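Text of the file model_15.txt, holding compact mmCIF, C-alpha atoms and all ligand atoms:
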```txt
# COMPACT_ATOMS: atom_id res chain seq x y z
CA MET A 110 32.73 -0.31 -3.11
CA VAL A 111 30.56 -2.71 -5.06
CA ALA A 112 27.65 -2.43 -2.68
CA MET A 113 27.61 1.32 -3.18
CA ASP A 114 26.34 0.63 -6.67
CA GLY A 115 23.10 -0.53 -5.13
CA LEU A 116 21.15 -3.76 -5.09
CA THR A 117 19.57 -5.99 -7.67
CA ILE A 118 16.73 -8.18 -6.49
CA SER A 119 14.50 -10.50 -8.51
CA PRO A 120 10.72 -10.00 -8.65
CA LEU A 121 10.21 -13.21 -6.66
CA GLN A 122 12.68 -12.17 -3.96
CA TRP A 123 11.06 -8.77 -3.71
CA GLU A 124 7.71 -10.50 -3.27
CA THR A 125 9.19 -12.56 -0.42
CA VAL A 126 10.38 -9.33 1.21
CA TYR A 127 7.11 -7.43 1.03
CA ARG A 128 4.95 -10.41 1.95
CA HIS A 129 6.95 -10.75 5.16
CA LEU A 130 6.63 -7.02 5.83
CA GLU A 131 2.91 -7.14 5.10
CA ALA A 132 2.52 -9.99 7.60
CA CYS A 133 4.34 -7.94 10.25
CA LEU A 134 1.99 -4.96 10.03
CA PRO A 135 1.31 -2.84 12.03
CA GLU A 136 4.80 -3.59 13.36
CA GLU A 137 8.04 -2.94 11.52
CA GLY A 138 9.33 -6.03 9.81
CA CYS A 139 12.96 -6.76 9.04
CA GLY A 140 15.31 -9.23 7.46
CA LEU A 141 18.61 -9.92 5.78
CA LEU A 142 19.63 -10.21 2.15
CA GLY A 143 22.44 -12.55 1.18
CA GLY A 144 24.16 -12.49 -2.17
CA ARG A 145 27.21 -11.48 -4.14
CA HIS A 146 28.32 -8.19 -5.62
CA GLY A 147 25.05 -6.42 -4.94
CA ARG A 148 22.94 -9.18 -6.45
CA VAL A 149 20.47 -10.63 -3.94
CA MET A 150 20.52 -14.43 -3.88
CA ALA A 151 18.67 -15.16 -0.64
CA VAL A 152 15.99 -13.38 1.38
CA TRP A 153 15.99 -14.15 5.08
CA PRO A 154 13.09 -12.69 7.11
CA VAL A 155 13.98 -12.07 10.75
CA THR A 156 11.67 -11.43 13.72
CA ASN A 157 11.57 -7.88 15.03
CA ALA A 158 12.43 -8.43 18.69
CA LEU A 159 10.96 -5.03 19.64
CA HIS A 160 7.52 -5.67 18.09
CA SER A 161 7.29 -1.94 17.50
CA SER A 162 5.78 0.09 14.67
CA VAL A 163 8.57 2.66 14.78
CA ARG A 164 11.75 0.69 15.33
CA PHE A 165 13.25 -2.75 14.96
CA ARG A 166 15.94 -4.96 16.37
CA MET A 167 16.59 -8.34 14.86
CA VAL A 168 16.41 -11.41 17.09
CA PRO A 169 20.15 -12.21 17.46
CA GLU A 170 19.80 -16.01 17.17
CA GLU A 171 17.96 -15.70 13.86
CA GLN A 172 20.50 -13.21 12.60
CA LEU A 173 23.37 -15.52 13.48
CA LYS A 174 21.67 -18.43 11.75
CA ALA A 175 21.34 -16.35 8.59
CA PHE A 176 24.99 -15.25 8.68
CA LEU A 177 26.14 -18.86 9.03
CA TRP A 178 23.90 -19.97 6.20
CA PHE A 179 25.15 -17.19 3.92
CA GLU A 180 28.70 -18.16 4.70
CA GLN A 181 28.04 -21.83 4.00
CA HIS A 182 26.60 -20.86 0.63
CA GLU A 183 29.43 -18.52 -0.26
CA MET A 184 27.32 -15.44 0.02
CA GLU A 185 27.86 -12.27 1.89
CA LEU A 186 25.45 -9.91 3.54
CA VAL A 187 24.50 -7.48 0.77
CA GLY A 188 21.48 -5.82 2.33
CA ILE A 189 19.23 -5.36 5.29
CA PHE A 190 15.59 -4.65 4.78
CA HIS A 191 13.00 -3.23 7.12
CA SER A 192 9.67 -1.49 6.85
CA HIS A 193 8.37 1.88 7.89
CA PRO A 194 4.65 1.14 8.19
CA ASN A 195 3.91 4.84 8.67
CA GLY A 196 6.91 6.36 6.90
CA PRO A 197 9.25 8.10 6.44
CA CYS A 198 10.46 6.84 3.05
CA HIS A 199 14.09 7.19 4.13
CA PRO A 200 16.21 6.18 7.14
CA SER A 201 14.90 7.50 10.46
CA GLY A 202 17.08 9.12 13.11
CA THR A 203 16.95 5.84 15.03
CA ASP A 204 18.09 3.93 11.95
CA LEU A 205 21.11 6.18 11.58
CA ALA A 206 21.98 6.07 15.27
CA GLN A 207 21.65 2.31 15.56
CA PHE A 208 22.93 1.16 12.21
CA ALA A 209 25.58 -1.48 12.77
CA TYR A 210 26.45 -2.58 9.24
CA PRO A 211 28.51 -0.01 7.40
CA ASP A 212 29.07 -2.05 4.23
CA VAL A 213 25.60 -3.06 3.14
CA VAL A 214 22.60 -1.44 1.54
CA SER A 215 19.62 -0.64 3.73
CA LEU A 216 16.41 -1.37 1.92
CA ILE A 217 13.58 0.64 3.42
CA CYS A 218 10.07 -0.38 2.42
CA TRP A 219 6.69 1.14 3.02
CA PRO A 220 3.12 0.36 2.03
CA ALA A 221 1.74 2.89 -0.45
CA GLU A 222 -1.90 2.54 -1.47
CA GLY A 223 -1.87 -1.24 -1.35
CA ASN A 224 1.51 -1.56 -3.01
CA TRP A 225 4.87 -1.88 -1.36
CA GLU A 226 7.60 0.45 -2.40
CA ALA A 227 11.27 0.44 -1.51
CA LYS A 228 14.37 2.54 -1.70
CA GLY A 229 17.95 1.61 -1.02
CA PHE A 230 20.27 3.67 1.15
CA TRP A 231 23.87 3.72 2.09
CA MET A 232 24.32 4.80 5.71
CA ASP A 233 27.46 5.66 7.55
CA GLY A 234 26.17 6.33 11.05
CA LYS A 235 25.73 10.06 10.57
CA SER A 236 24.21 10.48 7.15
CA TYR A 237 22.73 8.53 4.26
CA HIS A 238 22.37 8.70 0.53
CA GLU A 239 20.14 6.82 -1.84
CA VAL A 240 21.51 4.05 -4.03
CA PRO A 241 19.66 2.35 -6.90
CA VAL A 242 17.55 -0.74 -6.31
CA MET A 243 16.68 -2.72 -9.39
CA ILE A 244 13.96 -5.34 -9.42
CA MET A 245 15.15 -7.60 -12.16
CA ALA A 246 15.25 -11.34 -12.76
CA GLU A 247 18.61 -13.09 -12.67
CA GLY A 248 20.28 -13.37 -16.04
CA THR A 249 18.58 -10.33 -17.53
ZN ZN B 301 13.78 2.45 10.04
```

Let me see the file written as structure tokens.
Amino acid sequence: MVAMDGLTISPLQWETVYRHLEACLPEEGCGLLGGRHGRVMAVWPVTNALHSSVRFRMVPEEQLKAFLWFEQHEMELVGIFHSHPNGPCHPSGTDLAQFAYPDVVSLICWPAEGNWEAKGFWMDGKSYHEVPVMIMAEGT
């Protein structure tokens, strides 16, 4: 239930996210967010195995490494981020069909006039709804 409240990510973590996504252009970039109770504590960029501009699949070995690391640091998976270099600004049909993590926020990011923007979504395999994403330093 907690994750349904959305995600809180620090300005520095958000920068790590969009710099990775920027570096992946024109392909979709992706990665994992570890943390607790909707608060991001670690950003883990993952290689898009499909090297596509319209879909992504995380390299399984990198994903596994992230999951182990999160576990070792008493974090859980709180979010998955990926980019839509050419839109849309919400989950695509492919995202919905292939989404394998029912209990985390999907952070979808896109470049808008030189700036990166993001929205968080809760997906259940058939539909999605937006949840709040706050960019806020820890302890504020
Ligand atoms: Zn997508």

(message) Please identify all protein, DNA and RNA residues within 7 Å of ligand ZN 301 (chain B), counting only C-alpha atoms and all ligand atoms, and report them as a PyMOL selection string.
(response) chain A and resi 164+191-193+200-201+203-204+217

(message) I'd like to know which of A:Leu173, A:Pro194, A:His182, A:Gly140 is closest to A:Ser161, using all atoms listed in the file.
(response) A:Pro194

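Interatomic distance, atom CA of A:Ala206 to atom CA of A:Gly234: 6.0 Å.
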
(message) Which residues are close to A:His129, i.e. within 10 Å by all atoms listed in the file, leaving aside same-chain residues fewer than 2 positions away? Reply as a list in words.
(response)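 In the requested format, the answer is Trp123, Glu124, Thr125, Val126, Tyr127, Glu131, Ala132, Cys133, Leu134, Gly138, Cys139, Gly140, Trp153, Pro154, Val155, Thr156, His191 and Ser192 of chain A.
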
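Atom pair atom CA of A:Val213 / atom CA of A:Met232 has a distance of 8.4 Å (rounded to one decimal).
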
(request) Could you please determine the separation between atom CA of A:Tyr210 and atom CA of A:Ala246 in Å, to one decimal place? (result) 26.2 Å

(message) Considering all atoms listed in the file, can you say which of A:Glu170, A:Glu226, A:Asp114, A:Asp212 comes closest to A:Glu185?
(response) A:Asp212

(request) Find the residues with any atom within 12 Å of (12.1, -0.1, -11.7); use only C-alpha atoms and the coordinates as given in the file, and write the answer as JSON, numbers by chain. (result) {"A": [116, 117, 118, 119, 120, 123, 226, 227, 228, 241, 242, 243, 244, 245, 246]}

(request) Go through A:Phe230, A:Phe176, A:Asn224, A:Gln181 and flag the residue nearest A:Cys198, using all atoms listed in the file for the distances. (result)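 Smallest separation from A:Cys198 among the options: A:Phe230.
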
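In terms of minimum interatomic distance to A:Gln207, A:Met167 ranks closest within A:Met184, A:Met167, A:Val240, A:Ala175, counting all atoms listed in the file.
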
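Closest approach to A:Gln172 among A:His146, A:Pro197, A:Leu141, A:Ala158: A:Leu141, based on all atoms listed in the file.
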
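Each of A:Leu121, A:Glu222, A:Ala209, A:Val214 was checked against A:Gly143 using all atoms listed in the file; the smallest atom-to-atom distance is that of A:Val214.
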